[in-house]
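Colleague: Just dropping this structure here.
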Amino acid sequence: MSRKHPIISITGSSGAGTTSVKRTFEQIFRREKVEAVYIEGDAFHRYDRLEMRNRMADESERGNKHFSHFSPDTNLFEELEATFRDYSVTGSGRTRTYIHDDVEAEKHGGAPGTFTEWQQLPENSDLLFYEGLHGAVVTETVNVAQYADLKIGVVPVINLEWIQKLHRDRSDRGYSTEAVTDTVLRRMPDYIHYICPQFSETDINFQRVPTVDTSNPFIARWIPTPDESMVVIRFRNPRGIDFPYLLSMIPASFMSRANSIVIHGSKLDLAMQLILTPLILQLIERKRGAK
């Protein structure tokens, strides 16, 4: 952690809603005139799209049915840790961009499914903002979590996560239900070992819980909407959190534990604005005080 060069890390699995959370942070940064630099977890995948496809086929032939992009074998954890460490010390670091589609390909001048060249982050930023799969990852050899000043976990309950993945992969990528199910099964060991433990490292978790029947996610016809959901917000350290204020400002909210507040799904953006704005301003004030 660094007073001069703070880092905010948003961690969640694919489809968990981290992109929406990133938009909320961008609104706060814009309103409070905070100059942030951004890195994405995709940039630290070890293989591009074609390489990953080939490696997956090779591993499957060897009998490895659980090769996934959640694991240390398929990610550059050491490079991610180095970027966090370098930024916390110098205010700079190295990153690149994973090109997802034709729009990004035109912007970056590369083919979809490939990476841009490594480059240094812009200088004179107020903070570093990470959004991806491994912003709080800890293994036997790497500890990314130790360098982040504010760690946010964004995770739906597991059935909802599967529903979101099924709908996205079938509608956007043309996969069959059976193919998506195979992907879920293949990723499960790495999800348990490398994704779930991160949510014990985070400072705040936002977990969406549907209030409609999702008992068989593989036949669900719709993704539950925010109006059909509740969100459990858990604080790792509740000291200093003004719960009476939050309860008064967020309609129909209540506390389920001494460190947890439950809100209606449609109030997530409001809750994030109320909770995160003062935390971001504390980081900026601490940074300016350190100078």
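Ordered as shown in the structure tokens, chains take letters A, B, and onward, while each chain numbers its residues from 1 and ligands are numbered from 1 in the order shown.
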Enumerate, as JSON, numbers by chain, the complete set of residues in range 58-279 of chain A that a backbone-based DSSP assignment places in alpha helix (DSSP H).

Modeller: {"A": [58, 59, 60, 61, 77, 78, 79, 80, 81, 82, 83, 84, 85, 86, 87, 88, 89, 90, 102, 103, 104, 105, 106, 107, 108, 158, 159, 160, 161, 162, 163, 164, 165, 166, 167, 168, 169, 170, 171, 172, 177, 178, 179, 180, 181, 182, 183, 184, 185, 186, 187, 188, 189, 190, 243, 244, 245, 246, 247, 248, 249, 268, 269, 270, 271, 272, 273, 274, 275, 276, 277, 278, 279]}

Colleague: So which residues touch Ser215 in chain A within 12 Å, counting only C-alpha atoms, skipping near sequence neighbours fewer than 6 positions away, as a list in words?

Modeller: Val157, Ile158, Asn159, Leu160, Trp162 and Ile163 of chain A

Colleague: Do you know which residues are at most 10 Å from Lys267 in chain A counting only C-alpha atoms, after dropping those on the same chain fewer than 2 positions away, and could you put them as a VMD selection string?

Modeller: chain A and resid 226 to 227 230 to 231 250 to 253 263 to 265 269 to 272

Colleague: Let's have the selection written as a short mmCIF file (atom, residue, chain, number, x, y, z; two decimals), in the first residue's frame, with N, CA, C and O atoms.

Modeller:
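Result saved to out00.cif:
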```cif
data_model
loop_
_atom_site.label_atom_id
_atom_site.label_comp_id
_atom_site.auth_asym_id
_atom_site.auth_seq_id
_atom_site.Cartn_x
_atom_site.Cartn_y
_atom_site.Cartn_z
N PRO A 226 -32.12 -6.21 -11.97
CA PRO A 226 -31.85 -5.58 -10.67
C PRO A 226 -33.10 -5.49 -9.79
O PRO A 226 -33.01 -5.64 -8.57
N ASP A 227 -34.27 -5.26 -10.42
CA ASP A 227 -35.52 -5.19 -9.64
C ASP A 227 -35.90 -6.55 -9.05
O ASP A 227 -36.71 -6.61 -8.12
N MET A 230 -31.51 -8.61 -4.78
CA MET A 230 -31.00 -7.87 -3.64
C MET A 230 -29.47 -7.89 -3.75
O MET A 230 -28.90 -8.75 -4.44
N VAL A 231 -28.82 -6.96 -3.08
CA VAL A 231 -27.37 -6.92 -3.06
C VAL A 231 -26.90 -6.91 -1.61
O VAL A 231 -27.34 -6.06 -0.82
N ILE A 250 -30.52 4.96 1.76
CA ILE A 250 -30.86 3.92 0.79
C ILE A 250 -32.20 3.31 1.18
O ILE A 250 -32.29 2.59 2.19
N PRO A 251 -33.26 3.57 0.42
CA PRO A 251 -34.60 3.08 0.80
C PRO A 251 -34.65 1.56 0.94
O PRO A 251 -34.03 0.82 0.16
N ALA A 252 -35.35 1.10 1.97
CA ALA A 252 -35.61 -0.33 2.21
C ALA A 252 -34.36 -1.14 2.50
O ALA A 252 -34.38 -2.37 2.44
N SER A 253 -33.25 -0.49 2.83
CA SER A 253 -32.04 -1.22 3.18
C SER A 253 -32.10 -1.67 4.63
O SER A 253 -32.84 -1.10 5.45
N ILE A 263 -29.38 -4.25 0.31
CA ILE A 263 -30.12 -3.22 -0.41
C ILE A 263 -30.90 -3.84 -1.56
O ILE A 263 -30.60 -4.97 -1.99
N HIS A 264 -31.87 -3.10 -2.08
CA HIS A 264 -32.57 -3.52 -3.30
C HIS A 264 -31.63 -3.38 -4.47
O HIS A 264 -30.82 -2.44 -4.54
N GLY A 265 -31.71 -4.32 -5.42
CA GLY A 265 -30.78 -4.33 -6.54
C GLY A 265 -30.76 -3.06 -7.36
O GLY A 265 -29.72 -2.67 -7.90
N ASP A 269 -26.18 1.45 -7.67
CA ASP A 269 -25.38 2.61 -8.07
C ASP A 269 -25.38 3.67 -6.97
O ASP A 269 -24.33 4.24 -6.63
N LEU A 270 -26.55 3.94 -6.38
CA LEU A 270 -26.64 4.91 -5.28
C LEU A 270 -25.77 4.47 -4.11
O LEU A 270 -25.02 5.28 -3.54
N ALA A 271 -25.86 3.19 -3.75
CA ALA A 271 -25.08 2.69 -2.63
C ALA A 271 -23.58 2.83 -2.90
O ALA A 271 -22.81 3.23 -2.01
N MET A 272 -23.16 2.51 -4.11
CA MET A 272 -21.74 2.63 -4.44
C MET A 272 -21.28 4.08 -4.37
O MET A 272 -20.19 4.38 -3.87
#
```

Colleague: Considering only C-alpha atoms, return as a list of chain:residue names whatever protein or nucleic-acid residues lie within 10 Å of Asp102 in chain A, sequence-local ones (same chain, fewer than 5 positions apart) excluded.

Modeller: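 Listing them by chain and then by number gives A:Lys107, A:His108, A:Gly109, A:Gly110, A:Ala111, A:Pro112, A:Gly113.
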
Colleague: Emit the selected residues as an mmCIF file, in the first residue's frame, including all heavy atoms.

Modeller:
```
data_model
loop_
_atom_site.group_PDB
_atom_site.id
_atom_site.type_symbol
_atom_site.label_atom_id
_atom_site.label_comp_id
_atom_site.auth_asym_id
_atom_site.auth_seq_id
_atom_site.Cartn_x
_atom_site.Cartn_y
_atom_site.Cartn_z
ATOM 1 N N LYS A 107 -8.981 0.597 -33.344
ATOM 2 C CA LYS A 107 -8.426 1.612 -32.440
ATOM 3 C C LYS A 107 -6.953 1.373 -32.163
ATOM 4 O O LYS A 107 -6.153 2.309 -32.141
ATOM 5 C CB LYS A 107 -9.220 1.618 -31.135
ATOM 6 C CG LYS A 107 -8.690 2.575 -30.087
ATOM 7 C CD LYS A 107 -9.514 2.502 -28.809
ATOM 8 C CE LYS A 107 -8.935 3.415 -27.731
ATOM 9 N NZ LYS A 107 -9.725 3.323 -26.459
ATOM 10 N N HIS A 108 -6.582 0.105 -31.938
ATOM 11 C CA HIS A 108 -5.223 -0.210 -31.503
ATOM 12 C C HIS A 108 -4.316 -0.703 -32.628
ATOM 13 O O HIS A 108 -3.117 -0.882 -32.420
ATOM 14 C CB HIS A 108 -5.265 -1.261 -30.391
ATOM 15 C CG HIS A 108 -5.939 -0.793 -29.141
ATOM 16 N ND1 HIS A 108 -5.366 0.132 -28.289
ATOM 17 C CD2 HIS A 108 -7.151 -1.120 -28.588
ATOM 18 C CE1 HIS A 108 -6.179 0.352 -27.258
ATOM 19 N NE2 HIS A 108 -7.263 -0.391 -27.426
ATOM 20 N N GLY A 109 -4.889 -0.979 -33.801
ATOM 21 C CA GLY A 109 -4.076 -1.407 -34.927
ATOM 22 C C GLY A 109 -3.565 -2.825 -34.826
ATOM 23 O O GLY A 109 -2.452 -3.137 -35.280
ATOM 24 N N GLY A 110 -4.378 -3.708 -34.232
ATOM 25 C CA GLY A 110 -4.015 -5.114 -34.124
ATOM 26 C C GLY A 110 -5.213 -5.987 -34.419
ATOM 27 O O GLY A 110 -6.331 -5.496 -34.589
ATOM 28 N N ALA A 111 -4.989 -7.281 -34.470
ATOM 29 C CA ALA A 111 -6.072 -8.216 -34.766
ATOM 30 C C ALA A 111 -6.842 -8.558 -33.501
ATOM 31 O O ALA A 111 -6.271 -8.610 -32.409
ATOM 32 C CB ALA A 111 -5.499 -9.490 -35.392
ATOM 33 N N PRO A 112 -8.157 -8.811 -33.615
ATOM 34 C CA PRO A 112 -8.922 -9.256 -32.448
ATOM 35 C C PRO A 112 -8.326 -10.530 -31.855
ATOM 36 O O PRO A 112 -7.902 -11.427 -32.577
ATOM 37 C CB PRO A 112 -10.322 -9.510 -33.024
ATOM 38 C CG PRO A 112 -10.404 -8.650 -34.235
ATOM 39 C CD PRO A 112 -9.019 -8.642 -34.803
ATOM 40 N N GLY A 113 -8.292 -10.585 -30.528
ATOM 41 C CA GLY A 113 -7.739 -11.759 -29.861
ATOM 42 C C GLY A 113 -6.252 -11.698 -29.618
ATOM 43 O O GLY A 113 -5.656 -12.671 -29.156
#
```

Colleague: So that I can check the secondary structure, give me every residue of range 16-136 of chain A assigned strand (DSSP E or B) by backbone DSSP, as a VMD selection string.

Modeller: chain A and resid 36 to 40 45 75 94 to 95 98 115 119 to 120 127 to 132

Colleague: Might you pull out every residue within 6 Å of range 124-136 of chain A, with only C-alpha atoms counted and same-chain residues fewer than 4 positions away left off, and present them as JSON, numbers by chain?

Modeller: {"A": [5, 6, 7, 8, 9, 10, 11, 12, 13, 35, 36, 37, 38, 39, 40, 41, 144, 145, 198]}

Colleague: Could the residues in this selection be saved with C-alpha atoms as a PDB file, in the first residue's frame?

Modeller:
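File written: part.pdb
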```
ATOM      1  CA  HIS A   5       0.426   6.315  -5.268  1.00  0.00           C
ATOM      2  CA  PRO A   6      -2.848   4.604  -4.233  1.00  0.00           C
ATOM      3  CA  ILE A   7      -4.298   1.620  -6.068  1.00  0.00           C
ATOM      4  CA  ILE A   8      -7.957   0.627  -6.353  1.00  0.00           C
ATOM      5  CA  SER A   9      -8.633  -2.945  -7.436  1.00  0.00           C
ATOM      6  CA  ILE A  10     -11.980  -4.276  -8.668  1.00  0.00           C
ATOM      7  CA  THR A  11     -12.099  -8.067  -8.716  1.00  0.00           C
ATOM      8  CA  GLY A  12     -14.824 -10.299 -10.096  1.00  0.00           C
ATOM      9  CA  SER A  13     -15.281 -13.209 -12.436  1.00  0.00           C
ATOM     10  CA  GLU A  35      -7.031  11.620 -12.584  1.00  0.00           C
ATOM     11  CA  ALA A  36      -6.963   7.813 -12.765  1.00  0.00           C
ATOM     12  CA  VAL A  37      -4.964   5.459 -14.980  1.00  0.00           C
ATOM     13  CA  TYR A  38      -6.557   2.140 -15.887  1.00  0.00           C
ATOM     14  CA  ILE A  39      -5.317  -1.396 -16.351  1.00  0.00           C
ATOM     15  CA  GLU A  40      -7.442  -4.401 -17.292  1.00  0.00           C
ATOM     16  CA  GLY A  41      -6.985  -7.954 -16.121  1.00  0.00           C
ATOM     17  CA  VAL A 144      -1.094  -8.888  -5.588  1.00  0.00           C
ATOM     18  CA  ALA A 145      -3.572  -8.017  -2.824  1.00  0.00           C
ATOM     19  CA  GLN A 198      -9.866 -13.320  -3.366  1.00  0.00           C
TER      20      GLN A 198
END
```

Colleague: Mind pulling up the distance from CA of Asp48 in chain A to CA of Asp101 in chain A?

Modeller: 12.8 Å

Colleague: Pick the closest to Ser176 in chain A from A:Ile195, A:Phe218, A:Leu121, A:Asn259: which is it, counting only C-alpha atoms?

Modeller: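 Smallest distance to Ser176 in chain A is found for A:Phe218.
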